[in-house]
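Trainee: Just so it is clear, I am handing over structure-v7.cif, which has mmCIF, C-alpha atoms and all ligand atoms.
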```cif
data_target
loop_
_atom_site.label_atom_id
_atom_site.label_comp_id
_atom_site.auth_asym_id
_atom_site.auth_seq_id
_atom_site.Cartn_x
_atom_site.Cartn_y
_atom_site.Cartn_z
CA MET A 24 -19.58 -5.65 31.40
CA THR A 25 -16.94 -3.06 32.39
CA GLU A 26 -13.31 -3.40 31.42
CA THR A 27 -10.25 -1.20 31.83
CA PHE A 28 -8.90 0.35 28.67
CA LYS A 29 -5.41 -0.84 27.76
CA PRO A 30 -4.20 -0.04 24.24
CA THR A 31 -4.17 -3.36 22.43
CA HIS A 32 -2.57 -2.01 19.27
CA ALA A 33 0.49 0.17 18.64
CA ALA A 34 -1.68 2.66 16.72
CA LEU A 35 -3.85 3.31 19.79
CA GLU A 36 -0.92 4.51 21.87
CA SER A 37 -0.47 7.97 20.43
CA LEU A 38 -3.92 9.37 19.70
CA GLU A 39 -4.81 13.00 20.39
CA TYR A 40 -8.13 14.23 21.76
CA GLU A 41 -9.67 17.66 22.30
CA ASP A 42 -12.65 18.04 24.66
CA GLY A 43 -12.81 14.23 24.67
CA VAL A 44 -13.11 14.00 20.88
CA LEU A 45 -10.51 12.26 18.70
CA LEU A 46 -8.53 14.59 16.46
CA TRP A 47 -7.59 13.62 12.91
CA GLY A 48 -5.56 15.95 10.76
CA GLY A 49 -5.81 18.46 13.63
CA ARG A 50 -9.63 18.48 13.48
CA LYS A 51 -12.27 16.92 15.67
CA VAL A 52 -13.62 13.85 13.90
CA THR A 53 -17.16 14.86 14.92
CA GLU A 54 -16.68 18.12 12.99
CA ILE A 55 -15.30 16.33 9.93
CA SER A 56 -18.40 14.13 10.02
CA GLU A 57 -20.69 17.17 10.20
CA LYS A 58 -18.87 18.86 7.33
CA LEU A 59 -19.18 15.78 5.13
CA GLY A 60 -22.82 15.40 6.13
CA GLN A 61 -22.63 11.61 6.21
CA THR A 62 -21.02 8.54 7.57
CA PRO A 63 -19.20 6.32 6.74
CA PHE A 64 -16.12 8.12 5.44
CA TYR A 65 -12.37 7.82 5.18
CA ALA A 66 -10.30 10.77 6.38
CA TYR A 67 -6.62 11.01 5.44
CA ASP A 68 -4.18 13.23 7.29
CA ARG A 69 -1.72 14.76 4.81
CA GLN A 70 0.67 15.80 7.59
CA ARG A 71 1.13 12.18 8.63
CA MET A 72 2.09 11.30 5.04
CA THR A 73 4.51 14.24 4.92
CA ASN A 74 6.08 13.19 8.22
CA ARG A 75 6.40 9.60 7.11
CA VAL A 76 8.26 10.50 3.92
CA ALA A 77 10.51 12.88 5.90
CA GLU A 78 11.37 10.08 8.38
CA LEU A 79 12.20 7.75 5.53
CA ARG A 80 14.34 10.30 3.74
CA ALA A 81 16.23 10.98 6.97
CA ALA A 82 16.92 7.26 7.49
CA LEU A 83 17.70 6.16 3.92
CA PRO A 84 20.58 7.16 1.64
CA ASN A 85 20.00 10.29 -0.45
CA GLU A 86 20.55 8.38 -3.68
CA LEU A 87 17.68 5.99 -2.97
CA ARG A 88 14.64 7.31 -4.80
CA LEU A 89 11.18 6.80 -3.35
CA HIS A 90 8.20 5.82 -5.48
CA TYR A 91 4.61 5.74 -4.29
CA ALA A 92 2.70 2.59 -5.33
CA MET A 93 -0.68 4.12 -6.10
CA LYS A 94 -2.56 0.88 -5.61
CA ALA A 95 -2.37 1.53 -1.86
CA ASN A 96 -4.57 4.61 -2.15
CA PRO A 97 -5.49 6.02 -5.56
CA MET A 98 -7.62 8.96 -4.34
CA PRO A 99 -6.50 11.76 -6.72
CA GLU A 100 -5.90 14.29 -3.90
CA VAL A 101 -3.78 11.74 -2.02
CA VAL A 102 -1.80 10.94 -5.16
CA SER A 103 -1.20 14.65 -5.82
CA HIS A 104 0.03 15.11 -2.28
CA MET A 105 2.33 12.13 -2.57
CA VAL A 106 3.71 13.48 -5.85
CA SER A 107 4.81 16.58 -3.94
CA LEU A 108 6.79 14.33 -1.56
CA VAL A 109 8.23 11.40 -3.54
CA ASP A 110 10.32 10.94 -6.70
CA GLY A 111 7.95 8.85 -8.76
CA LEU A 112 4.78 6.79 -9.01
CA ASP A 113 4.12 3.14 -9.72
CA VAL A 114 0.83 2.43 -11.45
CA ALA A 115 -0.91 -0.87 -12.04
CA SER A 116 -3.57 -0.01 -14.64
CA ALA A 117 -4.59 2.56 -17.24
CA GLY A 118 -7.01 3.97 -14.64
CA GLU A 119 -4.19 4.61 -12.18
CA LEU A 120 -2.07 5.95 -15.02
CA ALA A 121 -4.74 8.55 -15.85
CA VAL A 122 -4.78 9.76 -12.22
CA ALA A 123 -0.98 9.82 -12.16
CA VAL A 124 -0.71 11.85 -15.39
CA GLU A 125 -3.34 14.29 -14.11
CA THR A 126 -1.05 15.24 -11.20
CA GLY A 127 1.37 16.78 -13.70
CA ILE A 128 4.26 14.50 -12.68
CA ASP A 129 7.00 14.02 -15.28
CA PRO A 130 5.88 10.80 -17.05
CA ARG A 131 9.46 9.53 -17.01
CA GLU A 132 9.01 9.15 -13.25
CA ILE A 133 6.05 6.79 -13.68
CA SER A 134 6.45 3.05 -14.04
CA PHE A 135 3.76 0.52 -14.85
CA ALA A 136 3.79 -3.03 -13.47
CA GLY A 137 1.04 -5.62 -13.65
CA PRO A 138 0.49 -8.91 -15.46
CA GLY A 139 -1.60 -9.17 -18.63
CA LYS A 140 -1.48 -5.53 -19.68
CA ARG A 141 -4.03 -5.05 -22.43
CA GLU A 142 -3.45 -3.30 -25.72
CA PHE A 143 -5.33 -0.15 -24.74
CA GLU A 144 -3.21 0.04 -21.58
CA LEU A 145 0.00 -0.38 -23.55
CA ARG A 146 -1.10 2.36 -25.93
CA ALA A 147 -2.13 4.77 -23.18
CA ALA A 148 1.13 4.20 -21.32
CA LEU A 149 3.21 4.55 -24.49
CA GLU A 150 1.48 7.78 -25.38
CA ALA A 151 2.18 9.05 -21.86
CA GLY A 152 5.88 8.09 -22.14
CA ILE A 153 6.28 6.04 -18.96
CA THR A 154 8.55 3.06 -18.17
CA PHE A 155 7.08 -0.43 -18.48
CA ASN A 156 7.94 -3.14 -16.00
CA MET A 157 7.41 -6.04 -18.41
CA GLU A 158 5.91 -9.16 -16.91
CA SER A 159 6.53 -11.69 -19.72
CA LYS A 160 8.19 -12.32 -23.04
CA ASN A 161 4.85 -12.08 -24.82
CA GLU A 162 4.18 -8.73 -23.27
CA MET A 163 7.60 -7.58 -24.50
CA ARG A 164 6.71 -8.61 -28.06
CA ARG A 165 3.29 -6.97 -27.89
CA LEU A 166 4.80 -3.79 -26.53
CA ALA A 167 7.39 -3.66 -29.30
CA ALA A 168 4.60 -4.09 -31.89
CA VAL A 169 2.43 -1.38 -30.35
CA GLY A 170 5.46 0.91 -30.11
CA GLU A 171 6.17 0.35 -33.79
CA SER A 172 2.57 1.08 -34.76
CA LEU A 173 2.68 4.36 -32.82
CA GLY A 174 6.20 5.25 -33.94
CA VAL A 175 7.36 5.36 -30.30
CA ARG A 176 10.28 3.47 -28.77
CA PRO A 177 9.11 2.14 -25.40
CA ASN A 178 11.21 2.49 -22.22
CA VAL A 179 11.28 -0.92 -20.62
CA ALA A 180 12.47 -2.77 -17.55
CA ILE A 181 12.07 -6.48 -16.88
CA ARG A 182 10.16 -7.43 -13.76
CA VAL A 183 12.04 -10.38 -12.33
CA ASN A 184 10.45 -13.18 -10.31
CA PRO A 185 13.33 -13.97 -7.94
CA GLN A 186 14.20 -17.37 -6.54
CA PHE A 187 13.83 -16.00 -3.02
CA GLU A 188 10.94 -14.44 -1.11
CA LEU A 189 10.67 -11.64 1.42
CA LYS A 190 10.39 -13.82 4.53
CA SER A 191 7.63 -13.22 7.13
CA SER A 192 5.67 -11.01 4.75
CA GLY A 193 1.93 -10.50 4.78
CA MET A 194 2.17 -11.21 1.05
CA LYS A 195 5.11 -13.08 -0.48
CA MET A 196 5.86 -12.49 -4.15
CA GLY A 197 8.92 -14.50 -5.04
CA GLY A 198 10.57 -17.87 -4.62
CA ARG A 199 7.73 -19.73 -6.33
CA PRO A 200 5.81 -20.03 -9.59
CA SER A 201 4.16 -16.69 -10.18
CA PRO A 202 2.13 -14.70 -12.70
CA PHE A 203 4.26 -11.71 -11.64
CA GLY A 204 7.44 -11.06 -13.53
CA VAL A 205 9.80 -13.32 -15.44
CA ASP A 206 11.55 -16.16 -13.61
CA SER A 207 15.08 -14.97 -12.96
CA GLU A 208 16.60 -17.96 -14.79
CA ARG A 209 14.69 -16.99 -17.97
CA VAL A 210 15.80 -13.36 -17.95
CA PRO A 211 19.12 -13.77 -19.83
CA ALA A 212 17.34 -15.28 -22.86
CA MET A 213 14.71 -12.53 -22.73
CA LEU A 214 17.47 -9.91 -22.72
CA GLU A 215 18.94 -11.49 -25.85
CA GLU A 216 15.60 -11.24 -27.64
CA LEU A 217 15.05 -7.73 -26.33
CA LYS A 218 18.17 -6.59 -28.16
CA THR A 219 16.53 -7.50 -31.46
CA LEU A 220 13.43 -5.38 -30.77
CA ASP A 221 12.80 -1.68 -30.96
CA LEU A 222 12.83 -1.15 -27.19
CA ASP A 223 14.90 1.07 -24.87
CA PHE A 224 16.08 -1.18 -22.07
CA ARG A 225 16.44 0.55 -18.72
CA GLY A 226 16.83 -2.17 -16.10
CA PHE A 227 15.12 -4.43 -13.59
CA HIS A 228 12.21 -4.45 -11.17
CA VAL A 229 12.24 -7.02 -8.36
CA TYR A 230 9.30 -7.18 -5.97
CA SER A 231 9.62 -9.96 -3.41
CA GLY A 232 6.91 -9.20 -0.84
CA SER A 233 4.76 -6.79 1.07
CA GLN A 234 3.67 -5.90 4.65
CA ASN A 235 6.83 -6.86 6.49
CA LEU A 236 7.60 -5.69 10.02
CA ARG A 237 10.96 -7.48 10.37
CA ALA A 238 13.97 -5.36 9.47
CA GLU A 239 16.13 -8.49 9.31
CA ALA A 240 13.94 -10.03 6.59
CA ILE A 241 14.00 -6.79 4.60
CA ARG A 242 17.79 -6.61 4.93
CA GLU A 243 18.16 -10.17 3.66
CA SER A 244 15.88 -9.60 0.69
CA MET A 245 17.61 -6.31 -0.21
CA ASP A 246 21.02 -8.02 -0.21
CA LYS A 247 19.71 -10.86 -2.37
CA THR A 248 17.96 -8.45 -4.76
CA VAL A 249 21.15 -6.47 -5.27
CA GLN A 250 23.13 -9.65 -5.97
CA LEU A 251 20.46 -10.84 -8.41
CA VAL A 252 20.50 -7.54 -10.31
CA ILE A 253 24.30 -7.52 -10.50
CA ASP A 254 24.30 -11.13 -11.74
CA LEU A 255 21.64 -10.40 -14.38
CA ALA A 256 23.43 -7.26 -15.51
CA GLY A 257 26.53 -9.45 -15.98
CA THR A 258 24.69 -11.62 -18.52
CA THR A 259 24.13 -8.77 -21.01
CA ASP A 260 25.97 -5.93 -22.67
CA LEU A 261 22.87 -3.74 -22.38
CA ALA A 262 23.38 -0.86 -19.94
CA VAL A 263 21.41 -1.12 -16.68
CA SER A 264 20.37 2.34 -15.51
CA PHE A 265 17.15 1.63 -13.55
CA ILE A 266 16.76 -0.71 -10.60
CA ASN A 267 13.56 -0.97 -8.62
CA LEU A 268 14.42 -2.89 -5.46
CA GLY A 269 10.78 -3.31 -4.37
CA GLY A 270 9.87 -2.39 -0.81
CA GLY A 271 7.66 -4.38 1.51
CA LEU A 272 7.89 -2.10 4.54
CA GLY A 273 4.89 -2.88 6.72
CA ILE A 274 2.77 -1.14 9.34
CA PRO A 275 1.41 -2.65 12.59
CA TYR A 276 -2.23 -3.58 12.05
CA PHE A 277 -2.86 -6.15 14.76
CA PRO A 278 -2.42 -6.68 18.51
CA LYS A 279 1.19 -7.20 19.62
CA GLU A 280 2.64 -6.00 16.28
CA ARG A 281 5.28 -3.30 16.70
CA PRO A 282 6.33 -0.70 14.12
CA LEU A 283 9.22 -1.55 11.84
CA ASP A 284 12.60 -0.40 13.14
CA LEU A 285 13.55 1.99 10.36
CA SER A 286 17.05 2.55 11.73
CA ALA A 287 17.76 -1.13 11.06
CA ILE A 288 16.97 -0.66 7.35
CA ALA A 289 19.34 2.28 6.95
CA GLU A 290 22.59 0.31 6.80
CA PRO A 291 21.40 -2.37 4.32
CA ALA A 292 19.88 0.33 2.11
CA GLU A 293 23.17 2.23 2.14
CA ARG A 294 25.01 -0.98 1.26
CA ALA A 295 22.55 -1.76 -1.55
CA VAL A 296 22.99 1.61 -3.19
CA ARG A 297 26.79 1.50 -2.78
CA ARG A 298 27.10 -1.98 -4.31
CA LEU A 299 24.88 -1.08 -7.27
CA HIS A 300 26.79 2.13 -7.89
CA ASP A 301 30.10 0.25 -7.73
CA ALA A 302 28.97 -2.52 -10.08
CA LEU A 303 26.95 -0.48 -12.60
CA ASP A 304 27.18 2.88 -14.28
CA ASN A 305 25.49 5.29 -11.87
CA PRO A 306 22.06 3.63 -11.93
CA GLU A 307 18.84 5.09 -10.59
CA VAL A 308 17.90 2.98 -7.54
CA ILE A 309 14.28 3.00 -6.43
CA MET A 310 12.27 1.70 -3.51
CA GLU A 311 8.53 1.43 -4.13
CA LEU A 312 6.18 1.71 -1.19
CA GLY A 313 2.44 1.90 -0.72
CA ARG A 314 0.99 1.24 2.70
CA TYR A 315 4.08 2.38 4.59
CA LEU A 316 3.60 5.89 3.18
CA VAL A 317 -0.16 6.29 3.56
CA GLY A 318 -1.59 3.45 5.65
CA GLU A 319 -1.25 5.09 9.04
CA ALA A 320 -2.62 8.40 7.77
CA GLY A 321 -6.14 7.07 7.26
CA ILE A 322 -9.10 6.49 9.55
CA TYR A 323 -12.44 4.94 8.53
CA VAL A 324 -15.36 6.37 10.48
CA CYS A 325 -18.83 4.88 10.78
CA ARG A 326 -21.85 5.44 13.01
CA VAL A 327 -23.57 3.06 15.42
CA ASN A 328 -27.19 2.55 14.33
CA ASP A 329 -28.19 -0.09 16.83
CA ILE A 330 -26.97 -1.68 20.04
CA LYS A 331 -28.20 -5.15 20.85
CA GLU A 332 -27.40 -8.13 23.03
CA SER A 333 -27.41 -11.70 21.83
CA ARG A 334 -26.60 -14.62 24.10
CA GLY A 335 -24.06 -12.74 26.13
CA ILE A 336 -22.47 -10.72 23.32
CA ARG A 337 -23.09 -6.99 23.04
CA TYR A 338 -23.25 -5.86 19.40
CA ALA A 339 -22.86 -2.37 17.97
CA VAL A 340 -24.36 -2.38 14.47
CA THR A 341 -22.87 0.39 12.34
CA ASP A 342 -23.50 1.88 8.92
CA GLY A 343 -19.97 0.87 7.87
CA GLY A 344 -18.79 -2.56 6.93
CA LEU A 345 -16.84 -4.82 4.64
CA HIS A 346 -18.38 -3.22 1.56
CA HIS A 347 -16.19 -0.16 2.30
CA HIS A 348 -13.42 -1.75 4.32
CA LEU A 349 -12.87 -5.35 3.33
CA ALA A 350 -9.42 -5.47 4.94
CA ALA A 351 -10.70 -4.55 8.42
CA SER A 352 -13.26 -7.35 8.20
CA GLY A 353 -10.38 -9.80 7.75
CA ASN A 354 -11.33 -10.85 4.24
CA PHE A 355 -8.48 -9.24 2.29
CA GLY A 356 -5.71 -11.80 2.57
CA GLN A 357 -5.78 -12.58 6.30
CA VAL A 358 -5.44 -16.26 7.15
CA ILE A 359 -6.67 -15.87 10.73
CA ARG A 360 -8.96 -12.93 11.35
CA LYS A 361 -7.63 -10.33 13.80
CA ASN A 362 -8.99 -6.95 14.80
CA TYR A 363 -7.73 -3.74 13.31
CA PRO A 364 -7.34 -1.00 15.93
CA VAL A 365 -10.84 0.30 16.68
CA VAL A 366 -11.62 3.40 18.70
CA ALA A 367 -14.64 5.35 19.93
CA ILE A 368 -14.46 8.86 18.49
CA GLU A 369 -15.79 10.34 21.76
CA ARG A 370 -14.27 9.27 25.05
CA ARG A 371 -16.97 7.99 27.35
CA GLU A 372 -16.28 5.96 30.48
CA PRO A 373 -16.63 3.20 31.34
CA CYS A 374 -15.15 0.96 28.69
CA GLU A 375 -17.02 -2.06 27.49
CA ALA A 376 -16.41 -5.16 25.42
CA VAL A 377 -18.47 -4.95 22.27
CA THR A 378 -18.55 -6.60 18.89
CA ILE A 379 -18.75 -4.08 16.07
CA VAL A 380 -20.49 -5.20 12.91
CA GLY A 381 -21.82 -3.68 9.71
CA PRO A 382 -25.29 -3.73 8.12
CA LEU A 383 -24.65 -6.52 5.61
CA CYS A 384 -26.43 -9.83 5.96
CA THR A 385 -23.30 -11.93 6.30
CA PRO A 386 -21.37 -12.93 9.41
CA LEU A 387 -18.24 -11.84 7.51
CA ASP A 388 -19.29 -8.24 8.05
CA LEU A 389 -17.33 -7.91 11.27
CA LEU A 390 -15.27 -4.80 12.02
CA GLY A 391 -14.21 -5.52 15.61
CA ASP A 392 -14.62 -8.80 17.47
CA LYS A 393 -15.15 -8.23 21.25
CA VAL A 394 -13.12 -5.04 21.35
CA THR A 395 -12.65 -3.07 24.56
CA ILE A 396 -13.73 0.45 23.76
CA ASP A 397 -15.25 3.56 25.38
CA GLN A 398 -18.93 3.04 25.86
CA LEU A 399 -20.96 3.24 22.65
CA LYS A 400 -24.60 4.19 22.22
CA GLU A 401 -26.84 4.68 19.20
CA GLY A 402 -25.42 7.56 17.16
CA SER A 403 -21.82 7.13 18.46
CA LEU A 404 -19.02 7.36 15.94
CA VAL A 405 -16.48 4.56 15.69
CA GLY A 406 -13.09 4.84 13.96
CA ILE A 407 -10.91 2.14 12.45
CA LEU A 408 -7.27 3.14 12.36
CA GLN A 409 -4.49 2.07 9.96
CA SER A 410 -7.01 2.53 7.15
CA GLY A 411 -5.16 4.77 4.70
CA ALA A 412 -4.16 1.92 2.36
CA TYR A 413 -6.18 -0.83 0.66
CA GLY A 414 -9.38 0.58 2.14
CA ARG A 415 -12.07 1.98 -0.09
CA SER A 416 -10.45 0.98 -3.39
CA ALA A 417 -9.93 -2.61 -2.19
CA SER A 418 -13.55 -3.13 -1.10
CA PRO A 419 -16.67 -4.44 -2.86
CA ASP A 420 -18.74 -1.28 -2.46
CA GLN A 421 -21.53 -2.45 -4.76
CA PHE A 422 -22.30 -5.37 -2.49
CA LEU A 423 -25.90 -5.05 -1.19
CA SER A 424 -26.28 -1.59 -2.77
CA HIS A 425 -25.64 0.50 0.32
CA PRO A 426 -24.60 4.11 -0.31
CA PRO A 427 -20.92 4.66 -1.11
CA CYS A 428 -18.63 6.15 1.51
CA LYS A 429 -16.87 9.47 1.13
CA GLU A 430 -13.18 10.29 1.32
CA ILE A 431 -11.51 13.49 2.48
CA LEU A 432 -7.88 14.56 2.56
CA LEU A 433 -7.22 16.85 5.52
C1 LIG B 1 4.55 -4.60 -7.54
C2 LIG B 1 4.05 -4.02 -6.26
N1 LIG B 1 4.53 -2.84 -5.86
C3 LIG B 1 4.13 -2.26 -4.72
C4 LIG B 1 3.19 -2.85 -3.92
C5 LIG B 1 2.75 -2.12 -2.69
O1 LIG B 1 2.87 -2.84 -1.51
P1 LIG B 1 2.74 -2.11 -0.13
O2 LIG B 1 1.50 -1.29 -0.15
O3 LIG B 1 2.70 -3.21 0.86
O4 LIG B 1 3.96 -1.24 0.04
C6 LIG B 1 2.67 -4.09 -4.28
C7 LIG B 1 1.68 -4.76 -3.45
O5 LIG B 1 1.01 -5.67 -3.81
C8 LIG B 1 3.11 -4.68 -5.50
O6 LIG B 1 2.61 -5.85 -5.91
#
```
Turn the structure described in the file into structure tokens.
Mentor:
Amino acid sequence: MTETFKPTHAALESLEYEDGVLLWGGRKVTEISEKLGQTPFYAYDRQRMTNRVAELRAALPNELRLHYAMKANPMPEVVSHMVSLVDGLDVASAGELAVAVETGIDPREISFAGPGKREFELRAALEAGITFNMESKNEMRRLAAVGESLGVRPNVAIRVNPQFELKSSGMKMGGRPSPFGVDSERVPAMLEELKTLDLDFRGFHVYSGSQNLRAEAIRESMDKTVQLVIDLAGTTDLAVSFINLGGGLGIPYFPKERPLDLSAIAEPAERAVRRLHDALDNPEVIMELGRYLVGEAGIYVCRVNDIKESRGIRYAVTDGGLHHHLAASGNFGQVIRKNYPVVAIERREPCEAVTIVGPLCTPLDLLGDKVTIDQLKEGSLVGILQSGAYGRSASPDQFLSHPPCKEILL
């Protein structure tokens, strides 16, 4: 079956080739594969990350500080590169904290959010001297006790579960019961108790959603977050010097999705910073982002090991699959499975419709369902774009005991 190639995804519109081979990080993907000596692998282009942060800085007010949420991609080389670009890191475990500390970043620029922090995590983070985004009253009490036992006064912020959500988000984190943060209506009482404990209060963290491509929804949530923080600050005489406004900026993964209009975020971000500076005493205002900073910089590359036909469907069976890239298989939070942008690494006419699967014995191991792509044969390389975030670290790589994939920062 021959089809004409029309880019189905925004990410397929601006690819660069040399001698018919896709370039990533300025290098032919075939050469990266030879250098690594194996497929599958993830390759991350540092220049794309640098450009992305520069675009953001140009669009957003200077006073708005950017934090990288390491959960998006915790590869140590990626984290080190991000540290050279952003103002701080957000970690979600002692493991991420160890990678963060290793980069040499000033620990005061690290914050730690995540429900159910265990005692060893509290200790490690206290010893490192970071800021805690506390997720509950109990955690606050435990932290104060651990601080006392170590003779250290913890820097703390309260993570607030707001009464609103970031609308049209891939993942909503607000406006409902939640294990994340403290319900906004319970925060004033928590602040009262906090005053009686040996804790240094810094401010608030509000995270209302993730993966959003609608500037209007982000504007609305930013306005509401600012109002919430000002209202909460008004309930206490404790000084508020740290406000993490969350983020939620998304990237286009699927057909018909268009990139977020960054220019439409500029004005609400400016307003947010201005209102917070007017209402409070020169606070530090932070936006925390993961996938928006690194997601488009990554490609996952695997090799076709078999081509077969079954009842009218042409299958390319690769050595990559959901064990390395759960999100591309549609099993990481998608309600209806859609294809990530998939590309043949070497251009070869004519195009064909093919279903790209992995080697696992489950029908869930699907990387591209009937995608139109340059013709593939055994040995061809296939790339999955938009793979720089929630890729390897968000995948069950022990499943079926296939070899692990590699990662390279270019
Ligand atoms: C508290 C918090 N911060 C940051 C992020 C990063 O989100 P994203 O990668 O979509 O920017 C998440 C995502 O789950 C989160 O829960």
Trainee: Can you work out which one of A:Ser231, A:Ser159, A:Asn178, A:Asn74 has the shortest atom-to-atom distance to ligand LIG 1 (chain B), counting all atoms listed in the file?
Mentor: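 Residue with the minimum atom-to-atom distance to ligand LIG 1 (chain B): A:Ser231.
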Trainee: Any residue with an atom at most 6 Å from ligand LIG 1 (chain B) counts, using only C-alpha atoms and all ligand atoms. Which are they? Put them as a list in words.
Mentor: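 Every residue with an atom at most 6 Å from ligand LIG 1 (chain B) is listed here: Ala92, Ala95, Tyr230, Ser233, Gln234, Gly271, Glu311, Leu312, Gly313, Arg314 and Tyr315 of chain A.
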Trainee: With a distance cut-off of 12 Å and only C-alpha atoms, select the neighbouring residues of region 117-124 of chain A, excluding the residue or stretch itself and same-chain residues fewer than 6 positions from it, and output the selection as an MDAnalysis selection string.
Mentor: chainID A and resid 91:106 111 130:137 140:155 416
Trainee: So what do you get for CA of Val394 (chain A) versus CA of Ala412 (chain A), distance-wise?
Mentor: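 Separating CA of Val394 (chain A) from CA of Ala412 (chain A) is a distance of 22.1 Å.
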Trainee: One decimal, Å: what's the distance from CA of Arg88 (chain A) over to CA of Phe227 (chain A), could you say?
Mentor: 14.7 Å
Trainee: So that I can check the surroundings of Ala351 (chain A), please list as a PDB file with C-alpha atoms, keeping the file's coordinate frame every protein, DNA and RNA residue that reaches within 9 Å of it, counting only C-alpha atoms and ignoring chain neighbours fewer than 5 positions away.
Mentor:
```pdb
ATOM      1  CA  GLY A 344     -18.790  -2.560   6.930  1.00  0.00           C
ATOM      2  CA  LEU A 345     -16.840  -4.820   4.640  1.00  0.00           C
ATOM      3  CA  LYS A 361      -7.630 -10.330  13.800  1.00  0.00           C
ATOM      4  CA  ASN A 362      -8.990  -6.950  14.800  1.00  0.00           C
ATOM      5  CA  TYR A 363      -7.730  -3.740  13.310  1.00  0.00           C
ATOM      6  CA  PRO A 364      -7.340  -1.000  15.930  1.00  0.00           C
ATOM      7  CA  LEU A 389     -17.330  -7.910  11.270  1.00  0.00           C
ATOM      8  CA  LEU A 390     -15.270  -4.800  12.020  1.00  0.00           C
ATOM      9  CA  GLY A 391     -14.210  -5.520  15.610  1.00  0.00           C
ATOM     10  CA  ILE A 407     -10.910   2.140  12.450  1.00  0.00           C
ATOM     11  CA  SER A 410      -7.010   2.530   7.150  1.00  0.00           C
ATOM     12  CA  GLY A 414      -9.380   0.580   2.140  1.00  0.00           C
TER      13      GLY A 414
END
```
Trainee: Grab the CA of Ala66 (chain A) to CA of Gly270 (chain A) distance for me, in Å with one decimal place.
Mentor: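 Rounded to one decimal, the two atoms are 25.1 Å apart.
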Trainee: With distances taken over only C-alpha atoms, which of A:Ser352, A:Asn235, A:Asn85, A:Gln409 is nearest to Met194 (chain A)?
Mentor: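 For Met194 (chain A), the nearest of the candidates is A:Asn235.
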Trainee: What's around Ile336 (chain A) at 9 Å? Count only C-alpha atoms, leave out sequence neighbours fewer than 4 positions away in its own chain, and write the answer as a ChimeraX atom specification.
Mentor: /A:331-332,376-378,393
Trainee: Padding of 5 Å on every side, edges along x, y and z, all listed atoms of region 342-348 of chain A included: what centre and edge lengths in Å, to one decimal, does that box have, as AutoDock Vina command-line options?
Mentor:
```
--center_x -18.5 --center_y -1.5 --center_z 5.2 --size_x 20.1 --size_y 16.7 --size_z 17.4
```
Trainee: Within 9 Å of (-19.2, 4.1, 27.5) (coordinates as in the file), grab all the protein and nucleic acid residues, counting all atoms listed in the file, and write them out as a list in words.
Mentor: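 Protein, DNA and RNA residues close to (-19.2, 4.1, 27.5): Thr25, Ala367, Arg370, Arg371, Glu372, Pro373, Cys374, Glu375, Ile396, Asp397, Gln398, Leu399 and Lys400 of chain A.
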Trainee: In the coordinates of the file, take the point (-27.6, 3.3, 15.3) and a cut-off of 9 Å; then, counting only C-alpha atoms, name each qualifying protein, DNA or RNA residue as a ChimeraX atom specification.
Mentor: /A:326-330,339-342,400-403
Trainee: If we count all atoms listed in the file, what is near Val44 (chain A) at a cut-off of 12 Å, once residues fewer than 2 positions away on the same chain are taken out, given as a ChimeraX atom specification?
Mentor: /A:38-42,46-47,49-55,366-371,397,403-406
Trainee: Taking only C-alpha atoms into account, which of A:Gly193, A:Pro185, A:Gly356, A:Pro278 comes nearest Lys29 (chain A)?
Mentor: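 Among the listed residues, the smallest separation from Lys29 (chain A) belongs to A:Pro278.
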Trainee: Between A:Leu423, A:Met213, A:Leu285, A:Leu272, which has the minimum distance to Arg80 (chain A) (counting all atoms listed in the file)?
Mentor: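 Result for the nearest residue to Arg80 (chain A): A:Leu285.
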